[in-house]
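Below is the file structure30.pdb, which contains PDB, C-alpha atoms, pLDDT in the B column.
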```
ATOM      1  CA  MET A   1      -5.528  -5.959  -5.576  1.00 83.00           C
ATOM      2  CA  ILE A   2      -2.994  -5.302  -8.282  1.00 95.00           C
ATOM      3  CA  VAL A   3      -2.993  -1.660  -7.229  1.00 97.00           C
ATOM      4  CA  GLN A   4      -2.775  -2.512  -3.531  1.00 98.00           C
ATOM      5  CA  ARG A   5       0.219  -4.722  -4.245  1.00 97.00           C
ATOM      6  CA  ALA A   6       1.847  -1.985  -6.353  1.00 98.00           C
ATOM      7  CA  ILE A   7       1.469   0.578  -3.533  1.00 98.00           C
ATOM      8  CA  GLU A   8       2.810  -1.910  -0.973  1.00 98.00           C
ATOM      9  CA  ALA A   9       5.732  -2.754  -3.278  1.00 98.00           C
ATOM     10  CA  ALA A  10       6.560   0.967  -3.551  1.00 98.00           C
ATOM     11  CA  GLY A  11       7.109   1.065   0.220  1.00 98.00           C
ATOM     12  CA  ILE A  12       3.731   2.250   1.522  1.00 98.00           C
ATOM     13  CA  PRO A  13       1.993  -0.220   3.878  1.00 98.00           C
ATOM     14  CA  THR A  14      -1.594  -0.879   2.738  1.00 98.00           C
ATOM     15  CA  ILE A  15      -4.803  -2.452   3.942  1.00 98.00           C
ATOM     16  CA  ILE A  16      -7.941  -3.235   1.968  1.00 98.00           C
ATOM     17  CA  ILE A  17     -11.530  -3.235   3.209  1.00 98.00           C
ATOM     18  CA  ALA A  18     -12.963  -6.230   1.390  1.00 97.00           C
ATOM     19  CA  ALA A  19     -16.488  -7.547   0.982  1.00 97.00           C
ATOM     20  CA  LEU A  20     -15.189 -10.676  -0.764  1.00 95.00           C
ATOM     21  CA  PRO A  21     -12.366 -12.111   1.393  1.00 95.00           C
ATOM     22  CA  PRO A  22     -11.721 -15.173  -0.815  1.00 94.00           C
ATOM     23  CA  VAL A  23     -11.114 -12.915  -3.808  1.00 93.00           C
ATOM     24  CA  VAL A  24      -8.564 -10.734  -2.054  1.00 94.00           C
ATOM     25  CA  ARG A  25      -6.831 -13.811  -0.653  1.00 93.00           C
ATOM     26  CA  GLN A  26      -6.609 -15.368  -4.098  1.00 92.00           C
ATOM     27  CA  ASN A  27      -5.141 -12.185  -5.533  1.00 93.00           C
ATOM     28  CA  GLY A  28      -2.397 -11.845  -2.937  1.00 95.00           C
ATOM     29  CA  THR A  29      -3.509  -8.993  -0.691  1.00 97.00           C
ATOM     30  CA  PRO A  30      -0.817  -7.898   1.776  1.00 97.00           C
ATOM     31  CA  ARG A  31      -3.448  -7.091   4.481  1.00 98.00           C
ATOM     32  CA  ALA A  32      -7.222  -7.051   4.583  1.00 98.00           C
ATOM     33  CA  VAL A  33     -10.173  -6.528   6.891  1.00 98.00           C
ATOM     34  CA  ALA A  34     -13.567  -7.996   6.107  1.00 98.00           C
ATOM     35  CA  PRO A  35     -16.679  -6.492   7.655  1.00 98.00           C
ATOM     36  CA  ARG A  36     -19.945  -8.362   6.971  1.00 97.00           C
ATOM     37  CA  VAL A  37     -21.076  -6.137   4.127  1.00 97.00           C
ATOM     38  CA  PRO A  38     -22.161  -6.541   0.514  1.00 96.00           C
ATOM     39  CA  MET A  39     -19.867  -5.516  -2.325  1.00 95.00           C
ATOM     40  CA  GLY A  40     -20.592  -1.824  -2.871  1.00 96.00           C
ATOM     41  CA  ALA A  41     -20.794  -0.888   0.805  1.00 97.00           C
ATOM     42  CA  ASN A  42     -17.373  -2.131   1.913  1.00 98.00           C
ATOM     43  CA  ALA A  43     -16.915   0.770   4.351  1.00 98.00           C
ATOM     44  CA  GLY A  44     -20.371   0.352   5.869  1.00 98.00           C
ATOM     45  CA  ALA A  45     -24.036   1.158   5.379  1.00 97.00           C
ATOM     46  CA  PRO A  46     -25.003   4.386   3.581  1.00 97.00           C
ATOM     47  CA  HIS A  47     -25.293   7.371   5.945  1.00 98.00           C
ATOM     48  CA  ASP A  48     -24.289   5.213   8.922  1.00 98.00           C
ATOM     49  CA  LYS A  49     -21.474   7.442  10.108  1.00 98.00           C
ATOM     50  CA  GLU A  50     -20.907   5.424  13.228  1.00 98.00           C
ATOM     51  CA  MET A  51     -20.400   2.146  11.349  1.00 98.00           C
ATOM     52  CA  GLN A  52     -18.245   3.761   8.657  1.00 98.00           C
ATOM     53  CA  THR A  53     -16.005   5.448  11.234  1.00 98.00           C
ATOM     54  CA  ALA A  54     -15.642   2.201  13.173  1.00 98.00           C
ATOM     55  CA  ILE A  55     -14.711   0.263  10.026  1.00 98.00           C
ATOM     56  CA  VAL A  56     -12.163   2.879   8.888  1.00 98.00           C
ATOM     57  CA  LYS A  57     -10.570   3.066  12.343  1.00 98.00           C
ATOM     58  CA  ALA A  58     -10.482  -0.717  12.726  1.00 98.00           C
ATOM     59  CA  ALA A  59      -8.937  -1.096   9.267  1.00 98.00           C
ATOM     60  CA  LEU A  60      -6.159   1.369  10.142  1.00 98.00           C
ATOM     61  CA  GLU A  61      -5.552  -0.294  13.509  1.00 98.00           C
ATOM     62  CA  GLU A  62      -5.277  -3.697  11.844  1.00 98.00           C
ATOM     63  CA  LEU A  63      -2.824  -2.200   9.356  1.00 98.00           C
ATOM     64  CA  LEU A  64      -0.399  -1.842  12.266  1.00 98.00           C
ATOM     65  CA  LYS A  65      -1.347  -5.088  14.025  1.00 98.00           C
ATOM     66  CA  ILE A  66      -1.211  -7.605  11.169  1.00 98.00           C
ATOM     67  CA  SER A  67       2.187  -9.257  11.356  1.00 97.00           C
ATOM     68  CA  SER A  68       2.584 -11.057   8.034  1.00 96.00           C
ATOM     69  CA  ALA A  69       1.369 -10.912   4.448  1.00 97.00           C
ATOM     70  CA  GLY A  70      -1.966 -12.323   3.420  1.00 96.00           C
ATOM     71  CA  GLN A  71      -3.883 -12.056   6.675  1.00 97.00           C
ATOM     72  CA  ILE A  72      -7.569 -11.154   6.532  1.00 97.00           C
ATOM     73  CA  VAL A  73      -9.149  -9.980   9.772  1.00 98.00           C
ATOM     74  CA  PRO A  74     -12.951 -10.229  10.075  1.00 98.00           C
ATOM     75  CA  LEU A  75     -14.640  -7.126  11.508  1.00 98.00           C
ATOM     76  CA  PRO A  76     -17.762  -7.332  13.675  1.00 97.00           C
ATOM     77  CA  TYR A  77     -19.881  -4.893  11.673  1.00 97.00           C
ATOM     78  CA  GLU A  78     -22.826  -6.078   9.661  1.00 96.00           C
ATOM     79  CA  TYR A  79     -24.959  -4.484   6.990  1.00 96.00           C
ATOM     80  CA  THR A  80     -27.400  -6.192   4.653  1.00 93.00           C
ATOM     81  CA  ALA A  81     -28.465  -4.175   1.633  1.00 81.00           C
ATOM     82  CA  LYS A  82     -32.188  -4.125   0.981  1.00 77.00           C
ATOM     83  CA  VAL A  83     -32.467  -5.045  -2.672  1.00 69.00           C
TER      84      VAL A  83
ATOM     85  CA  MET B   1      12.723 -40.384  -8.477  1.00 63.00           C
ATOM     86  CA  SER B   2      10.827 -37.616 -10.196  1.00 76.00           C
ATOM     87  CA  ILE B   3       7.096 -37.275  -9.721  1.00 80.00           C
ATOM     88  CA  THR B   4       6.823 -35.409 -13.014  1.00 82.00           C
ATOM     89  CA  ALA B   5       5.798 -37.877 -15.720  1.00 84.00           C
ATOM     90  CA  ILE B   6       5.566 -35.356 -18.529  1.00 85.00           C
ATOM     91  CA  LYS B   7       7.467 -32.081 -18.335  1.00 87.00           C
ATOM     92  CA  GLY B   8       5.720 -28.829 -19.207  1.00 85.00           C
ATOM     93  CA  LEU B   9       2.207 -30.276 -19.063  1.00 83.00           C
ATOM     94  CA  GLN B  10      -0.337 -27.510 -18.417  1.00 80.00           C
ATOM     95  CA  SER B  11      -3.967 -27.506 -17.359  1.00 79.00           C
ATOM     96  CA  GLU B  12      -6.379 -26.582 -20.113  1.00 85.00           C
ATOM     97  CA  ILE B  13      -8.532 -24.937 -17.484  1.00 86.00           C
ATOM     98  CA  PHE B  14      -7.536 -21.447 -16.352  1.00 81.00           C
ATOM     99  CA  VAL B  15      -6.299 -21.683 -12.791  1.00 79.00           C
ATOM    100  CA  PRO B  16      -5.688 -18.412 -10.976  1.00 78.00           C
ATOM    101  CA  VAL B  17      -2.326 -18.276  -9.288  1.00 84.00           C
ATOM    102  CA  THR B  18      -1.826 -16.342  -6.079  1.00 88.00           C
ATOM    103  CA  PRO B  19       1.191 -14.103  -6.600  1.00 92.00           C
ATOM    104  CA  PRO B  20       4.118 -14.089  -4.144  1.00 95.00           C
ATOM    105  CA  PRO B  21       3.607 -11.924  -1.033  1.00 96.00           C
ATOM    106  CA  VAL B  22       4.522  -8.233  -0.982  1.00 97.00           C
ATOM    107  CA  TRP B  23       5.139  -6.610   2.370  1.00 98.00           C
ATOM    108  CA  THR B  24       6.233  -3.265   3.793  1.00 98.00           C
ATOM    109  CA  PRO B  25       6.318  -3.213   7.618  1.00 98.00           C
ATOM    110  CA  ALA B  26       4.000  -0.637   9.230  1.00 98.00           C
ATOM    111  CA  THR B  27       5.812   1.034  12.088  1.00 97.00           C
ATOM    112  CA  LYS B  28       4.611   4.640  12.281  1.00 98.00           C
ATOM    113  CA  PRO B  29       1.897   5.292  14.899  1.00 98.00           C
ATOM    114  CA  LEU B  30      -1.448   6.283  13.365  1.00 98.00           C
ATOM    115  CA  LYS B  31      -1.433   9.679  15.064  1.00 98.00           C
ATOM    116  CA  ASP B  32       1.727  10.556  13.076  1.00 98.00           C
ATOM    117  CA  ALA B  33       0.555   9.086   9.764  1.00 98.00           C
ATOM    118  CA  VAL B  34      -0.653  10.682   6.528  1.00 98.00           C
ATOM    119  CA  VAL B  35      -3.307   8.425   5.004  1.00 98.00           C
ATOM    120  CA  ALA B  36      -4.582   8.143   1.419  1.00 98.00           C
ATOM    121  CA  ILE B  37      -7.529   6.210   0.027  1.00 98.00           C
ATOM    122  CA  ALA B  38      -7.335   4.280  -3.229  1.00 98.00           C
ATOM    123  CA  THR B  39     -10.535   2.653  -4.397  1.00 98.00           C
ATOM    124  CA  ALA B  40     -11.342   0.244  -7.216  1.00 97.00           C
ATOM    125  CA  ALA B  41     -14.994   1.300  -6.985  1.00 97.00           C
ATOM    126  CA  GLY B  42     -14.919   3.725  -9.922  1.00 97.00           C
ATOM    127  CA  VAL B  43     -15.135   6.876  -7.794  1.00 98.00           C
ATOM    128  CA  HIS B  44     -14.270  10.243  -9.396  1.00 98.00           C
ATOM    129  CA  LEU B  45     -15.128  13.937  -9.307  1.00 98.00           C
ATOM    130  CA  LYS B  46     -18.421  14.764 -11.027  1.00 98.00           C
ATOM    131  CA  THR B  47     -16.428  17.214 -13.156  1.00 98.00           C
ATOM    132  CA  ASP B  48     -13.995  14.485 -14.234  1.00 98.00           C
ATOM    133  CA  LYS B  49     -14.190  12.038 -17.134  1.00 97.00           C
ATOM    134  CA  ARG B  50     -16.310   8.948 -16.512  1.00 97.00           C
ATOM    135  CA  PHE B  51     -14.724   5.497 -16.715  1.00 97.00           C
ATOM    136  CA  ASN B  52     -15.386   3.312 -19.735  1.00 95.00           C
ATOM    137  CA  LEU B  53     -17.643   0.655 -18.233  1.00 94.00           C
ATOM    138  CA  ALA B  54     -16.445  -1.947 -20.721  1.00 92.00           C
ATOM    139  CA  GLY B  55     -12.970  -1.914 -19.135  1.00 92.00           C
ATOM    140  CA  ASP B  56     -10.736   0.968 -18.187  1.00 95.00           C
ATOM    141  CA  PHE B  57      -7.219   0.940 -16.767  1.00 96.00           C
ATOM    142  CA  SER B  58      -6.991   4.714 -16.217  1.00 97.00           C
ATOM    143  CA  PHE B  59      -7.372   6.391 -12.840  1.00 98.00           C
ATOM    144  CA  ARG B  60      -8.651   9.697 -11.451  1.00 98.00           C
ATOM    145  CA  LYS B  61      -7.102  11.916  -8.789  1.00 98.00           C
ATOM    146  CA  ILE B  62      -9.352  13.144  -6.003  1.00 98.00           C
ATOM    147  CA  PRO B  63      -8.290  16.019  -3.711  1.00 98.00           C
ATOM    148  CA  GLY B  64      -8.167  15.310   0.026  1.00 98.00           C
ATOM    149  CA  ASP B  65     -10.462  18.210   0.943  1.00 98.00           C
ATOM    150  CA  VAL B  66     -13.235  17.048  -1.401  1.00 98.00           C
ATOM    151  CA  LYS B  67     -16.858  16.921  -0.250  1.00 98.00           C
ATOM    152  CA  GLY B  68     -18.847  13.726  -0.753  1.00 97.00           C
ATOM    153  CA  GLU B  69     -21.415  15.525  -2.896  1.00 97.00           C
ATOM    154  CA  GLU B  70     -18.707  16.470  -5.429  1.00 98.00           C
ATOM    155  CA  LEU B  71     -18.064  12.796  -6.195  1.00 98.00           C
ATOM    156  CA  MET B  72     -19.790  10.121  -8.241  1.00 98.00           C
ATOM    157  CA  VAL B  73     -19.271   6.556  -9.413  1.00 97.00           C
ATOM    158  CA  SER B  74     -18.997   5.070 -12.865  1.00 96.00           C
ATOM    159  CA  HIS B  75     -18.504   1.323 -12.556  1.00 95.00           C
ATOM    160  CA  GLY B  76     -20.497  -1.411 -14.213  1.00 88.00           C
ATOM    161  CA  GLY B  77     -19.293  -4.293 -12.055  1.00 92.00           C
ATOM    162  CA  TYR B  78     -21.273  -3.976  -8.816  1.00 94.00           C
ATOM    163  CA  ASP B  79     -24.554  -2.658  -7.485  1.00 94.00           C
ATOM    164  CA  ASN B  80     -24.079   1.123  -7.242  1.00 95.00           C
ATOM    165  CA  GLY B  81     -27.255   1.590  -5.162  1.00 95.00           C
ATOM    166  CA  ASP B  82     -25.560   2.187  -1.817  1.00 96.00           C
ATOM    167  CA  VAL B  83     -22.646   4.214  -3.110  1.00 97.00           C
ATOM    168  CA  ASN B  84     -25.005   6.469  -5.077  1.00 97.00           C
ATOM    169  CA  LYS B  85     -26.777   7.264  -1.805  1.00 97.00           C
ATOM    170  CA  ASP B  86     -23.534   7.851   0.083  1.00 98.00           C
ATOM    171  CA  ILE B  87     -20.107   7.879  -1.578  1.00 98.00           C
ATOM    172  CA  ASN B  88     -18.497   7.045   1.791  1.00 98.00           C
ATOM    173  CA  CYS B  89     -19.751   3.453   1.425  1.00 98.00           C
ATOM    174  CA  MET B  90     -16.814   2.831  -0.912  1.00 98.00           C
ATOM    175  CA  PHE B  91     -14.763   5.994  -0.539  1.00 98.00           C
ATOM    176  CA  PRO B  92     -14.885   6.945   3.153  1.00 98.00           C
ATOM    177  CA  ILE B  93     -13.136  10.280   2.621  1.00 98.00           C
ATOM    178  CA  GLU B  94     -15.441  12.217   4.946  1.00 98.00           C
ATOM    179  CA  ARG B  95     -14.803   9.709   7.732  1.00 98.00           C
ATOM    180  CA  LEU B  96     -11.051  10.055   7.094  1.00 98.00           C
ATOM    181  CA  GLN B  97     -11.329  13.868   7.276  1.00 98.00           C
ATOM    182  CA  GLU B  98     -13.170  13.551  10.611  1.00 98.00           C
ATOM    183  CA  ILE B  99     -10.653  11.173  12.192  1.00 98.00           C
ATOM    184  CA  ALA B 100      -7.809  13.451  11.053  1.00 98.00           C
ATOM    185  CA  LYS B 101      -9.550  16.365  12.765  1.00 98.00           C
ATOM    186  CA  GLU B 102      -9.898  14.415  16.012  1.00 98.00           C
ATOM    187  CA  GLY B 103      -6.213  13.393  15.856  1.00 98.00           C
ATOM    188  CA  PHE B 104      -6.658   9.654  15.259  1.00 98.00           C
ATOM    189  CA  ILE B 105      -4.409  10.108  12.207  1.00 98.00           C
ATOM    190  CA  LYS B 106      -2.081  13.023  11.484  1.00 98.00           C
ATOM    191  CA  ALA B 107      -3.533  14.106   8.158  1.00 98.00           C
ATOM    192  CA  VAL B 108      -5.552  13.255   5.089  1.00 98.00           C
ATOM    193  CA  ALA B 109      -3.261  12.959   2.060  1.00 98.00           C
ATOM    194  CA  PRO B 110      -3.478  15.743  -0.546  1.00 98.00           C
ATOM    195  CA  THR B 111      -4.411  13.288  -3.322  1.00 98.00           C
ATOM    196  CA  HIS B 112      -6.555  10.142  -3.364  1.00 98.00           C
ATOM    197  CA  ILE B 113      -7.198   7.747  -6.221  1.00 98.00           C
ATOM    198  CA  GLY B 114     -10.235   6.272  -7.923  1.00 98.00           C
ATOM    199  CA  PHE B 115     -10.042   3.598 -10.601  1.00 98.00           C
ATOM    200  CA  MET B 116     -12.331   0.905 -11.986  1.00 97.00           C
ATOM    201  CA  GLY B 117     -11.336  -2.512 -10.734  1.00 94.00           C
ATOM    202  CA  GLY B 118     -12.792  -5.917 -11.328  1.00 87.00           C
ATOM    203  CA  GLY B 119     -11.602  -6.262 -14.877  1.00 83.00           C
ATOM    204  CA  GLY B 120      -9.852  -4.265 -17.550  1.00 87.00           C
ATOM    205  CA  ASP B 121      -6.362  -4.805 -18.833  1.00 92.00           C
ATOM    206  CA  GLN B 122      -4.612  -6.632 -15.984  1.00 92.00           C
ATOM    207  CA  ASP B 123      -1.248  -6.220 -17.650  1.00 94.00           C
ATOM    208  CA  LYS B 124      -1.641  -2.436 -17.860  1.00 96.00           C
ATOM    209  CA  PHE B 125      -2.799  -2.337 -14.221  1.00 96.00           C
ATOM    210  CA  THR B 126       0.256  -4.336 -13.150  1.00 95.00           C
ATOM    211  CA  HIS B 127       2.893  -2.535 -15.190  1.00 96.00           C
ATOM    212  CA  GLU B 128       1.516   1.010 -15.645  1.00 97.00           C
ATOM    213  CA  THR B 129      -1.521   2.060 -13.600  1.00 97.00           C
ATOM    214  CA  GLY B 130      -0.455   0.419 -10.316  1.00 97.00           C
ATOM    215  CA  PRO B 131       3.106   1.809 -10.300  1.00 98.00           C
ATOM    216  CA  GLU B 132       1.860   5.275 -11.435  1.00 98.00           C
ATOM    217  CA  ILE B 133      -0.619   5.445  -8.552  1.00 98.00           C
ATOM    218  CA  ALA B 134       2.031   4.237  -6.116  1.00 98.00           C
ATOM    219  CA  LYS B 135       4.439   6.926  -7.312  1.00 98.00           C
ATOM    220  CA  ILE B 136       1.896   9.725  -6.778  1.00 98.00           C
ATOM    221  CA  LEU B 137       1.266   8.597  -3.209  1.00 98.00           C
ATOM    222  CA  LYS B 138       4.964   8.075  -2.523  1.00 98.00           C
ATOM    223  CA  ASP B 139       5.889  11.529  -3.898  1.00 98.00           C
ATOM    224  CA  GLU B 140       3.284  13.158  -1.679  1.00 97.00           C
ATOM    225  CA  GLY B 141       4.657  11.563   1.486  1.00 98.00           C
ATOM    226  CA  VAL B 142       1.779   9.176   2.164  1.00 98.00           C
ATOM    227  CA  ASP B 143       2.490   6.853   5.103  1.00 98.00           C
ATOM    228  CA  TYR B 144      -0.432   4.427   4.760  1.00 98.00           C
ATOM    229  CA  ALA B 145      -2.936   3.593   2.048  1.00 98.00           C
ATOM    230  CA  LEU B 146      -6.471   2.400   2.723  1.00 98.00           C
ATOM    231  CA  LEU B 147      -8.100   0.562  -0.161  1.00 98.00           C
ATOM    232  CA  THR B 148     -11.611  -0.561  -0.923  1.00 98.00           C
ATOM    233  CA  ALA B 149     -12.333  -3.278  -3.479  1.00 92.00           C
ATOM    234  CA  GLY B 150     -13.387  -6.873  -3.722  1.00 87.00           C
TER     235      GLY B 150
END
```
Take the structure in this file and express it as C-alpha cells.
Amino acid sequence: MIVQRAIEAAGIPTIIIAALPPVVRQNGTPRAVAPRVPMGANAGAPHDKEMQTAIVKAALEELLKISSAGQIVPLPYEYTAKV
Amino acid sequence: MSITAIKGLQSEIFVPVTPPPVWTPATKPLKDAVVAIATAAGVHLKTDKRFNLAGDFSFRKIPGDVKGEELMVSHGGYDNGDVNKDINCMFPIERLQEIAKEGFIKAVAPTHIGFMGGGGDQDKFTHETGPEIAKILKDEGVDYALLTAG
C-alpha cells in the first residue's frame, strides 16, 4: 500500500487487486478491487485464464470509474484454494 | 469549552492510523494506456537475487516481455502454493500481454516491479523504495499501475 500510494503520489493513477479489503482500506489505498479470493491468488485461480483476464480487465475498468480516493469495489469472481 | 482534559495523552496500545488520501485522476482511455504491474508478492526473475524472508525493502525489476516460467516467488508471508503453480495468480503479466495484443490496453510497460510486502522497514518503503519504484515507472511513461497485495 505504501508503494501504491507512492506511485499515485508521483502522478500515475493506480489500482490494487486485494484479497484483504479491510487491510487496504486501513492503509489508505487510492483505489481497490476485491475479488473473492484467498491471499496469494489475488488475480484469480491458478491456470484459470478466463478468471484472471476478467479480474485484470475489471480492475483496469474500475481504475477509470472510481471517482474518489479510498473506494473498494467488490468483483464477482470467486476462488477457494484447496488447502 | 475544550473536550481535551489532558493534552498530549497517547494510547499505550498501537493504533494504526489511515494516512490522508492520495489521488491522481485517471482520464486516459484504456486503449491508449501503457500499464505496469507492481506486486508486493515477492515476485522476481529466477536469475535474480531472492528476497530476504525476514524483511526486505529492496525491489526487483521485471521486463514486460517476460514469460511466466522465468519468474518465481520468495516471500514468507503468505501461502505460495497457488503462485508456485501459476505466477499469474499474483503477477498477471501474461494476461496483461494478451489484453495488450487484443487492444484492450495500448501496451505493456517495459519494466514491472516485484517487492516483498507485508512487513519490512516501513520507513524505508515510504521514503526510499516507494519513490524509487514510482520514478522508474514515471520515467518510462507508464500511464496506469496495477498492483497486487493485501
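For the pair CA of Gly114 in chain B and CA of Asp56 in chain B, the interatomic distance is 11.6 Å.
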At a cut-off of 6 Å, using only C-alpha atoms, what residues contact Met39 in chain A? Leave out same-chain residues fewer than 2 positions from it and give the result as a PyMOL selection string.
chain A and resi 19+41-42
Name all residues at most 12 Å from Ala38 in chain B (count only C-alpha atoms; drop same-chain ones fewer than 6 positions away) and give them as a PDB file with C-alpha atoms, in the frame of the given file.
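Once everything was written out, this is out.pdb:
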```
ATOM      1  CA  MET A   1      -5.528  -5.959  -5.576  1.00 83.00           C
ATOM      2  CA  ILE A   2      -2.994  -5.302  -8.282  1.00 95.00           C
ATOM      3  CA  VAL A   3      -2.993  -1.660  -7.229  1.00 97.00           C
ATOM      4  CA  GLN A   4      -2.775  -2.512  -3.531  1.00 98.00           C
ATOM      5  CA  ARG A   5       0.219  -4.722  -4.245  1.00 97.00           C
ATOM      6  CA  ALA A   6       1.847  -1.985  -6.353  1.00 98.00           C
ATOM      7  CA  ILE A   7       1.469   0.578  -3.533  1.00 98.00           C
ATOM      8  CA  THR A  14      -1.594  -0.879   2.738  1.00 98.00           C
ATOM      9  CA  ILE A  15      -4.803  -2.452   3.942  1.00 98.00           C
ATOM     10  CA  ILE A  16      -7.941  -3.235   1.968  1.00 98.00           C
ATOM     11  CA  ILE A  17     -11.530  -3.235   3.209  1.00 98.00           C
TER      12      ILE A  17
ATOM     13  CA  HIS B  44     -14.270  10.243  -9.396  1.00 98.00           C
ATOM     14  CA  PHE B  59      -7.372   6.391 -12.840  1.00 98.00           C
ATOM     15  CA  ARG B  60      -8.651   9.697 -11.451  1.00 98.00           C
ATOM     16  CA  LYS B  61      -7.102  11.916  -8.789  1.00 98.00           C
ATOM     17  CA  ILE B  62      -9.352  13.144  -6.003  1.00 98.00           C
ATOM     18  CA  PRO B  63      -8.290  16.019  -3.711  1.00 98.00           C
ATOM     19  CA  GLY B  64      -8.167  15.310   0.026  1.00 98.00           C
ATOM     20  CA  MET B  90     -16.814   2.831  -0.912  1.00 98.00           C
ATOM     21  CA  PHE B  91     -14.763   5.994  -0.539  1.00 98.00           C
ATOM     22  CA  PRO B  92     -14.885   6.945   3.153  1.00 98.00           C
ATOM     23  CA  ILE B  93     -13.136  10.280   2.621  1.00 98.00           C
ATOM     24  CA  ALA B 109      -3.261  12.959   2.060  1.00 98.00           C
ATOM     25  CA  THR B 111      -4.411  13.288  -3.322  1.00 98.00           C
ATOM     26  CA  HIS B 112      -6.555  10.142  -3.364  1.00 98.00           C
ATOM     27  CA  ILE B 113      -7.198   7.747  -6.221  1.00 98.00           C
ATOM     28  CA  GLY B 114     -10.235   6.272  -7.923  1.00 98.00           C
ATOM     29  CA  PHE B 115     -10.042   3.598 -10.601  1.00 98.00           C
ATOM     30  CA  MET B 116     -12.331   0.905 -11.986  1.00 97.00           C
ATOM     31  CA  GLY B 117     -11.336  -2.512 -10.734  1.00 94.00           C
ATOM     32  CA  GLY B 130      -0.455   0.419 -10.316  1.00 97.00           C
ATOM     33  CA  ILE B 133      -0.619   5.445  -8.552  1.00 98.00           C
ATOM     34  CA  ALA B 134       2.031   4.237  -6.116  1.00 98.00           C
ATOM     35  CA  ILE B 136       1.896   9.725  -6.778  1.00 98.00           C
ATOM     36  CA  LEU B 137       1.266   8.597  -3.209  1.00 98.00           C
ATOM     37  CA  VAL B 142       1.779   9.176   2.164  1.00 98.00           C
ATOM     38  CA  TYR B 144      -0.432   4.427   4.760  1.00 98.00           C
ATOM     39  CA  ALA B 145      -2.936   3.593   2.048  1.00 98.00           C
ATOM     40  CA  LEU B 146      -6.471   2.400   2.723  1.00 98.00           C
ATOM     41  CA  LEU B 147      -8.100   0.562  -0.161  1.00 98.00           C
ATOM     42  CA  THR B 148     -11.611  -0.561  -0.923  1.00 98.00           C
ATOM     43  CA  ALA B 149     -12.333  -3.278  -3.479  1.00 92.00           C
TER      44      ALA B 149
END
```
Identify, on the basis of all atoms listed in the file, every residue whose closest approach to Ser68 in chain A does not exceed 10 Å; exclude the query and any residue fewer than 2 positions from it along the same chain; express the result as a list in words.
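Surrounding residues, per the criterion: Pro30, Arg31, Lys65, Ile66, Gly70 and Gln71 of chain A; Pro21, Val22, Trp23, Thr24 and Pro25 of chain B.
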Only C-alpha atoms, please: the residues just picked out, written as an mmCIF file, in the coordinates of the input.
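Here's the written file again-v8.cif:
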```
data_model
loop_
_atom_site.group_PDB
_atom_site.id
_atom_site.type_symbol
_atom_site.label_atom_id
_atom_site.label_comp_id
_atom_site.auth_asym_id
_atom_site.auth_seq_id
_atom_site.Cartn_x
_atom_site.Cartn_y
_atom_site.Cartn_z
ATOM 1 C CA PRO A 30 -0.817 -7.898 1.776
ATOM 2 C CA ARG A 31 -3.448 -7.091 4.481
ATOM 3 C CA LYS A 65 -1.347 -5.088 14.025
ATOM 4 C CA ILE A 66 -1.211 -7.605 11.169
ATOM 5 C CA GLY A 70 -1.966 -12.323 3.420
ATOM 6 C CA GLN A 71 -3.883 -12.056 6.675
ATOM 7 C CA PRO B 21 3.607 -11.924 -1.033
ATOM 8 C CA VAL B 22 4.522 -8.233 -0.982
ATOM 9 C CA TRP B 23 5.139 -6.610 2.370
ATOM 10 C CA THR B 24 6.233 -3.265 3.793
ATOM 11 C CA PRO B 25 6.318 -3.213 7.618
#
```
Neighbours of Ala18 in chain A within 10 Å (all atoms listed in the file; same-chain residues fewer than 4 positions away dropped), as a PyMOL selection string?
(chain A and resi 22-25+32-43+72-74) or (chain B and resi 147-150)
In Å, how far is it from CA of Phe104 in chain B to CA of Leu64 in chain A?
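CA of Phe104 in chain B sits 13.4 Å away from CA of Leu64 in chain A.
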Calculate, to one decimal in Å, the centre and edge lengths of the box along x, y and z of the file that holds all listed atoms of range 2-12 of chain A with 8 Å of margin on each side, and present them as JSON.
```
{"center_x": 2.1, "center_y": -1.5, "center_z": -3.4, "size_x": 26.1, "size_y": 23.6, "size_z": 25.8}
```
Length of the CA of His75 in chain B to CA of Leu53 in chain B vector [Å]
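Spanning CA of His75 in chain B to CA of Leu53 in chain B is a straight-line distance of 5.8 Å.
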Residues within 9 Å of Gln122 in chain B, only C-alpha atoms, excluding chain neighbours under 3 positions, as a list in words
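Neighbouring residues, sequence-local ones excluded: Ile2 of chain A; Phe57, Gly119, Phe125, Thr126 and His127 of chain B.
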Kindly reconstruct range 83-90 of chain B with N, CA and C atoms and present the result as a PDB file, in the coordinates of the input.
```pdb
ATOM      1  N   VAL B  83     -23.671   3.191  -2.918  1.00 97.00           N
ATOM      2  CA  VAL B  83     -22.646   4.214  -3.110  1.00 97.00           C
ATOM      3  C   VAL B  83     -23.240   5.471  -3.766  1.00 97.00           C
ATOM      4  N   ASN B  84     -24.318   5.296  -4.524  1.00 97.00           N
ATOM      5  CA  ASN B  84     -25.005   6.469  -5.077  1.00 97.00           C
ATOM      6  C   ASN B  84     -25.716   7.264  -3.982  1.00 97.00           C
ATOM      7  N   LYS B  85     -26.151   6.575  -2.945  1.00 97.00           N
ATOM      8  CA  LYS B  85     -26.777   7.264  -1.805  1.00 97.00           C
ATOM      9  C   LYS B  85     -25.730   7.975  -0.974  1.00 97.00           C
ATOM     10  N   ASP B  86     -24.574   7.329  -0.806  1.00 98.00           N
ATOM     11  CA  ASP B  86     -23.534   7.851   0.083  1.00 98.00           C
ATOM     12  C   ASP B  86     -22.176   7.342  -0.414  1.00 98.00           C
ATOM     13  N   ILE B  87     -21.389   8.248  -0.965  1.00 98.00           N
ATOM     14  CA  ILE B  87     -20.107   7.879  -1.578  1.00 98.00           C
ATOM     15  C   ILE B  87     -19.161   7.242  -0.557  1.00 98.00           C
ATOM     16  N   ASN B  88     -19.374   7.577   0.742  1.00 98.00           N
ATOM     17  CA  ASN B  88     -18.497   7.045   1.791  1.00 98.00           C
ATOM     18  C   ASN B  88     -18.596   5.528   1.946  1.00 98.00           C
ATOM     19  N   CYS B  89     -19.630   4.919   1.390  1.00 98.00           N
ATOM     20  CA  CYS B  89     -19.751   3.453   1.425  1.00 98.00           C
ATOM     21  C   CYS B  89     -18.533   2.777   0.801  1.00 98.00           C
ATOM     22  N   MET B  90     -17.992   3.396  -0.262  1.00 98.00           N
ATOM     23  CA  MET B  90     -16.814   2.831  -0.912  1.00 98.00           C
ATOM     24  C   MET B  90     -15.603   3.752  -0.822  1.00 98.00           C
TER      25      MET B  90
END
```
